[in-house]
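Trainee: Once you've had a glance at the structure underneath, I'll fire off some questions.
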Protein chains: 2
Amino acid sequence: MSKLENSRKQTKRQGERQETGETRRLILQAAQNLFMTYGYRAVTTRQIADACGITQAALYRHFTDKQDIYVSMLLETMIPSRSALERIAQRSAPLHERLRLAALHLLHTSQHNMDMMFHDVQHELKVEAQEKIQHAFEESVLHPLASIFEDGMRQGLLRPPEEAGITALTAAGLFLRLSSEFVSQNSYSSEPARTLAERAQLVAELTLYGCARYDAPDQHTQ
Amino acid sequence: MSKLENSRKQTKRQGERQETGETRRLILQAAQNLFMTYGYRAVTTRQIADACGITQAALYRHFTDKQDIYVSMLLETMIPSRSALERIAQRSAPLHERLRLAALHLLHTSQHNMDMMFHDVQHELKVEAQEKIQHAFEESVLHPLASIFEDGMRQGLLRPPEEAGITALTAAGLFLRLSSEFVSQNSYSSEPARTLAERAQLVAELTLYGCARYDAPDQHTQ
DNA sequence: CCTACCGATCGGTAGG
DNA sequence: CCTACCGATCGGTAGG
């Protein structure tokens with residue numbers, strides 16, 4: 001006996017199945033795969049429905065419209081990151097180590113194609129939805145990351161903005177860009193294959209120290 | 001007497017105006033503004049035509065289809081960069097200075113939304129067009145930049161890949177991402193306003209040295 | 001949850 | 001270079 005059958009004894013008019021929100025989760029999962037790969041506009045509601053084995057019209061029993069699917073998917077992707085990143089930020093480990101763990105988290109949950117996501121949010125969504133996403137992103141991803149960099153500045157390990165440095169928020173944005181450079185195994189180049197852990201380590205190092213040798217002659221005085 | 005009238009005495013059947021390729025340039029300029037802002041799919045051929053003051057059907061006298069407009073626009077944007085970047089790469093100035101100039105060039109010509117561009121190329125174009133763009137990008141942008149980093153490795157100023165470093169090509173890709181972080185005045189944060197020159201300087205410094213203080217205690221041994 | 005369908009809009013073509 | 005139009009596809013709804 002399937003668990004689909006035993007978990008409902010109610011009226012059941014023609015072909016309804018909703019109950020547990022199982023279908024909703026299925027839709028959001030398909031939406032994540034498709035939207036994050038092809039972008040908001042390029043994905044049709046029919047593609048999402050096909051990936052779930054339901055008809056396009058059935059989507060509208062779970063979401064009010066296409067935008068609602070997209071926004072719900074983004075929120076359910078970002079919000080769980082908050083506690084994970086805040087926990088990492090509050091560790092007592094050295095700056096470098098916390099950044100490595102944060103990068104690992106980002107690479108692992110594959111906060112994919114951040115740039116495309118923001119483009120879509122900005123250009124395809126209504127203002128109200130934009131603000132909801134923007135807020136969730138700041139609370140769940142940007143601020144936890146920025147707090148790590150603020151810590152580094154308080155400790156005097158990072159250049160403050162007034163010494164040709166950048167603000168903690170900008171550093172966080174930069175860190176995110178660097179991470180997305182390494183989500184997919186390379187963008188253009190023919191880099192040797194690396195594990196997720198190695199890439200996270202690299203993101204942390206590059207963010208802090210760049211590509212220069214630590215012991216290189218000081219080029220600022222050249 | 002308008003210059004449109006005097007530059008042609010030929011047959012002139014019903015409403016043709018083509019001659020100098022003037023309209024073609026107008027179309028490419030409108031296409032650049034629109035495609036680079038909204039992405040390939042979001043821009044309609046009617047929008048491009050409207051921006052040029054012609055009808056949508058008239059576009060097809062200058063280009064075979066929408067993709068042709070897009071590819072032509074990208075090629076005519078990237079190819080002129082080649083000589084500029086190669087000249088910068090071959091200068092005798094220090095590594096840091098050449099990177100600063102390269103960043104300035106990129107920020108100035110606003111090789112905008114590189115990530116969206118690559119997404120569009122990969123997902124919306126036919127393979128043949130993809131390869132044409134990929135080739136032009138490598139020749140005109142990526143390789144000139146990579147040659148600067150190769151130089152730095154030869155000089156021993158950069159960590160080589162086998163010392164937890166990255167290849168010159170990856171460094172070039174990273175440099176491009178950092179640049180696009182600063183094309184628009186900030187992405188998320190509330191950074192103080194900076195001139196183009198200041199941002200170029202910052203991109204070069206961050207690429208080489210990261211956000212850490214140059215004189216910070218070595219965190220690798222923490 | 002499905003079948004059927006709608007208006008709107010898209011890229012591209014016919015014909016002059 | 002324009003007017004007019006085409007088939008295809010889109011997001012969303014009616015009705016059960």
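To be explicit about the labels: the chains of the structure tokens are called A, B, and onward in the order shown, and within each one the residues are counted from 1, while ligands get numbers from 1 in the order they are shown.
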Write down as an MDAnalysis selection string the residues belonging to region 3-116 of chain B that are assigned alpha helix (DSSP H) by DSSP computed on the backbone.

Mentor: chainID B and resid 3:6 22:38 45:52 66:89 95:108 114:116

Trainee: Write out the residues from the selection above, keeping C-alpha atoms, as a tab-separated table (two decimals), in the first residue's frame.

Mentor:
```
chain	number	residue	atom	x	y	z
B	3	LYS	CA	23.55	65.17	-45.80
B	4	LEU	CA	21.15	62.31	-46.26
B	5	GLU	CA	19.95	63.75	-49.50
B	6	ASN	CA	23.22	64.78	-51.06
B	22	GLU	CA	24.79	54.27	-41.00
B	23	THR	CA	21.58	52.50	-40.10
B	24	ARG	CA	23.51	49.34	-39.35
B	25	ARG	CA	25.62	51.19	-36.80
B	26	LEU	CA	22.51	52.73	-35.31
B	27	ILE	CA	21.00	49.28	-34.88
B	28	LEU	CA	24.12	47.86	-33.29
B	29	GLN	CA	24.32	50.74	-30.86
B	30	ALA	CA	20.69	50.31	-29.82
B	31	ALA	CA	21.23	46.56	-29.59
B	32	GLN	CA	24.21	47.01	-27.29
B	33	ASN	CA	22.31	49.26	-24.92
B	34	LEU	CA	19.32	46.95	-24.79
B	35	PHE	CA	20.95	43.50	-24.84
B	36	MET	CA	23.60	44.42	-22.29
B	37	THR	CA	20.95	45.81	-19.97
B	38	TYR	CA	18.13	43.29	-20.26
B	45	THR	CA	13.36	43.00	-32.17
B	46	ARG	CA	10.60	45.58	-32.01
B	47	GLN	CA	12.31	47.37	-29.14
B	48	ILE	CA	15.53	47.58	-31.11
B	49	ALA	CA	13.72	48.88	-34.17
B	50	ASP	CA	11.82	51.47	-32.14
B	51	ALA	CA	15.06	52.73	-30.61
B	52	CYS	CA	16.32	53.34	-34.17
B	66	LYS	CA	17.91	38.40	-34.13
B	67	GLN	CA	20.89	36.22	-33.34
B	68	ASP	CA	22.87	37.89	-36.11
B	69	ILE	CA	22.28	41.28	-34.52
B	70	TYR	CA	23.43	39.99	-31.16
B	71	VAL	CA	26.54	38.26	-32.44
B	72	SER	CA	27.56	41.21	-34.60
B	73	MET	CA	27.15	43.55	-31.66
B	74	LEU	CA	29.31	41.41	-29.40
B	75	LEU	CA	32.04	41.02	-31.97
B	76	GLU	CA	32.21	44.72	-32.70
B	77	THR	CA	32.39	45.38	-28.96
B	78	MET	CA	35.15	42.90	-28.17
B	79	ILE	CA	37.45	43.00	-31.14
B	80	PRO	CA	38.61	46.62	-30.68
B	81	SER	CA	39.66	45.72	-27.12
B	82	ARG	CA	42.32	43.39	-28.42
B	83	SER	CA	44.87	45.92	-29.56
B	84	ALA	CA	44.27	48.12	-26.52
B	85	LEU	CA	44.78	45.30	-24.03
B	86	GLU	CA	47.75	43.83	-25.89
B	87	ARG	CA	49.42	47.21	-25.87
B	88	ILE	CA	48.90	47.47	-22.12
B	89	ALA	CA	50.20	43.93	-21.60
B	95	LEU	CA	52.59	44.32	-12.93
B	96	HIS	CA	50.40	46.35	-10.66
B	97	GLU	CA	50.34	49.28	-13.06
B	98	ARG	CA	49.47	47.17	-16.09
B	99	LEU	CA	46.58	45.60	-14.22
B	100	ARG	CA	45.37	49.03	-13.23
B	101	LEU	CA	45.38	50.15	-16.86
B	102	ALA	CA	43.65	47.00	-18.00
B	103	ALA	CA	40.96	47.46	-15.37
B	104	LEU	CA	40.55	51.06	-16.44
B	105	HIS	CA	40.04	49.96	-20.02
B	106	LEU	CA	37.45	47.38	-19.01
B	107	LEU	CA	35.59	49.79	-16.78
B	108	HIS	CA	35.71	52.46	-19.44
B	114	MET	CA	29.95	39.66	-18.58
B	115	ASP	CA	28.18	36.88	-16.76
B	116	MET	CA	24.82	37.52	-18.31
```

Trainee: Show me a table, sorted first by chain and then by increasing residue number, of the residues of chain D having an atom at most 9 Å from chain A, each with its shortest atom pair and the distance in Å to one decimal, counting only C-alpha atoms (C1' of nucleotides) and written as a Markdown table.

Mentor:
```
| residue | atom | partner | partner_atom | distance |
| --- | --- | --- | --- | --- |
| D:DC10 | C1' | A:Thr44 | CA | 7.6 |
| D:DG11 | C1' | A:Thr45 | CA | 7.7 |
| D:DG12 | C1' | A:Asp65 | CA | 7.9 |
| D:DT13 | C1' | A:Ala57 | CA | 8.8 |
| D:DG16 | C1' | A:Gln14 | CA | 8.6 |
```

Trainee: Selection from above, C-alpha atoms (C1' of nucleotides), as an mmCIF file, in the first residue's frame, can you write it?

Mentor:
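What landed in part-v1.cif:
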```
data_model
loop_
_atom_site.group_PDB
_atom_site.id
_atom_site.type_symbol
_atom_site.label_atom_id
_atom_site.label_comp_id
_atom_site.auth_asym_id
_atom_site.auth_seq_id
_atom_site.Cartn_x
_atom_site.Cartn_y
_atom_site.Cartn_z
ATOM 1 C "C1'" DC D 10 3.734 32.155 -23.946
ATOM 2 C "C1'" DG D 11 1.153 32.891 -19.098
ATOM 3 C "C1'" DG D 12 -3.093 32.286 -17.317
ATOM 4 C "C1'" DT D 13 -8.291 30.894 -16.948
ATOM 5 C "C1'" DG D 16 -15.536 20.361 -14.410
#
```

Trainee: Could the residues of chain A that have an atom at most 6 Å from chain B be listed as a Markdown table, each with its closest atom pair and the distance in Å to one decimal, counting only C-alpha atoms and ordered by chain and ascending residue number?

Mentor:
```
| residue | atom | partner | partner_atom | distance |
| --- | --- | --- | --- | --- |
| A:Leu157 | CA | B:Ala216 | CA | 5.4 |
| A:Leu158 | CA | B:Ala212 | CA | 4.2 |
| A:Arg159 | CA | B:Arg213 | CA | 4.9 |
| A:Leu169 | CA | B:Ser189 | CA | 5.4 |
| A:Thr170 | CA | B:Ser189 | CA | 5.8 |
| A:Ser189 | CA | B:Leu169 | CA | 5.4 |
| A:Thr207 | CA | B:Gly210 | CA | 5.1 |
| A:Leu208 | CA | B:Gly210 | CA | 4.5 |
| A:Tyr209 | CA | B:Gly210 | CA | 4.1 |
| A:Gly210 | CA | B:Gly210 | CA | 4.1 |
| A:Cys211 | CA | B:Leu208 | CA | 5.0 |
| A:Ala212 | CA | B:Leu158 | CA | 4.2 |
| A:Arg213 | CA | B:Leu158 | CA | 4.9 |
| A:Ala216 | CA | B:Leu157 | CA | 5.4 |
```

Trainee: Print the selection's residues with N, CA and C atoms to a file, as a PDB file, in the first residue's frame.

Mentor:
```
ATOM      1  N   LEU A 157      43.016  43.233  10.785  1.00  0.00           N
ATOM      2  CA  LEU A 157      43.606  42.342   9.788  1.00  0.00           C
ATOM      3  C   LEU A 157      43.300  42.787   8.363  1.00  0.00           C
ATOM      4  N   LEU A 158      42.261  43.608   8.211  1.00  0.00           N
ATOM      5  CA  LEU A 158      41.871  44.047   6.871  1.00  0.00           C
ATOM      6  C   LEU A 158      42.076  45.549   6.735  1.00  0.00           C
ATOM      7  N   ARG A 159      42.359  45.957   5.507  1.00  0.00           N
ATOM      8  CA  ARG A 159      42.469  47.393   5.245  1.00  0.00           C
ATOM      9  C   ARG A 159      41.091  48.022   5.418  1.00  0.00           C
ATOM     10  N   LEU A 169      30.659  45.385   3.609  1.00  0.00           N
ATOM     11  CA  LEU A 169      29.609  44.963   2.682  1.00  0.00           C
ATOM     12  C   LEU A 169      30.171  44.711   1.291  1.00  0.00           C
ATOM     13  N   THR A 170      31.042  45.599   0.822  1.00  0.00           N
ATOM     14  CA  THR A 170      31.651  45.399  -0.489  1.00  0.00           C
ATOM     15  C   THR A 170      32.521  44.150  -0.497  1.00  0.00           C
ATOM     16  N   SER A 189      38.891  28.709 -18.214  1.00  0.00           N
ATOM     17  CA  SER A 189      40.225  28.131 -18.332  1.00  0.00           C
ATOM     18  C   SER A 189      40.241  26.629 -18.202  1.00  0.00           C
ATOM     19  N   THR A 207      40.486  35.961  -1.566  1.00  0.00           N
ATOM     20  CA  THR A 207      39.800  37.125  -1.009  1.00  0.00           C
ATOM     21  C   THR A 207      40.722  37.902  -0.080  1.00  0.00           C
ATOM     22  N   LEU A 208      41.443  37.179   0.742  1.00  0.00           N
ATOM     23  CA  LEU A 208      42.301  37.855   1.725  1.00  0.00           C
ATOM     24  C   LEU A 208      43.596  38.367   1.115  1.00  0.00           C
ATOM     25  N   TYR A 209      44.250  37.513   0.315  1.00  0.00           N
ATOM     26  CA  TYR A 209      45.622  37.844  -0.088  1.00  0.00           C
ATOM     27  C   TYR A 209      45.819  38.043  -1.577  1.00  0.00           C
ATOM     28  N   GLY A 210      44.804  37.796  -2.380  1.00  0.00           N
ATOM     29  CA  GLY A 210      44.986  37.950  -3.815  1.00  0.00           C
ATOM     30  C   GLY A 210      45.895  36.890  -4.396  1.00  0.00           C
ATOM     31  N   CYS A 211      46.402  37.153  -5.599  1.00  0.00           N
ATOM     32  CA  CYS A 211      47.217  36.158  -6.291  1.00  0.00           C
ATOM     33  C   CYS A 211      48.699  36.333  -6.035  1.00  0.00           C
ATOM     34  N   ALA A 212      49.083  37.428  -5.391  1.00  0.00           N
ATOM     35  CA  ALA A 212      50.514  37.695  -5.228  1.00  0.00           C
ATOM     36  C   ALA A 212      51.134  36.724  -4.238  1.00  0.00           C
ATOM     37  N   ARG A 213      52.426  36.478  -4.402  1.00  0.00           N
ATOM     38  CA  ARG A 213      53.153  35.669  -3.415  1.00  0.00           C
ATOM     39  C   ARG A 213      53.205  36.443  -2.121  1.00  0.00           C
ATOM     40  N   ALA A 216      56.501  38.099  -1.917  1.00  0.00           N
ATOM     41  CA  ALA A 216      56.981  38.829  -3.089  1.00  0.00           C
ATOM     42  C   ALA A 216      57.512  40.194  -2.662  1.00  0.00           C
TER      43      ALA A 216
END
```
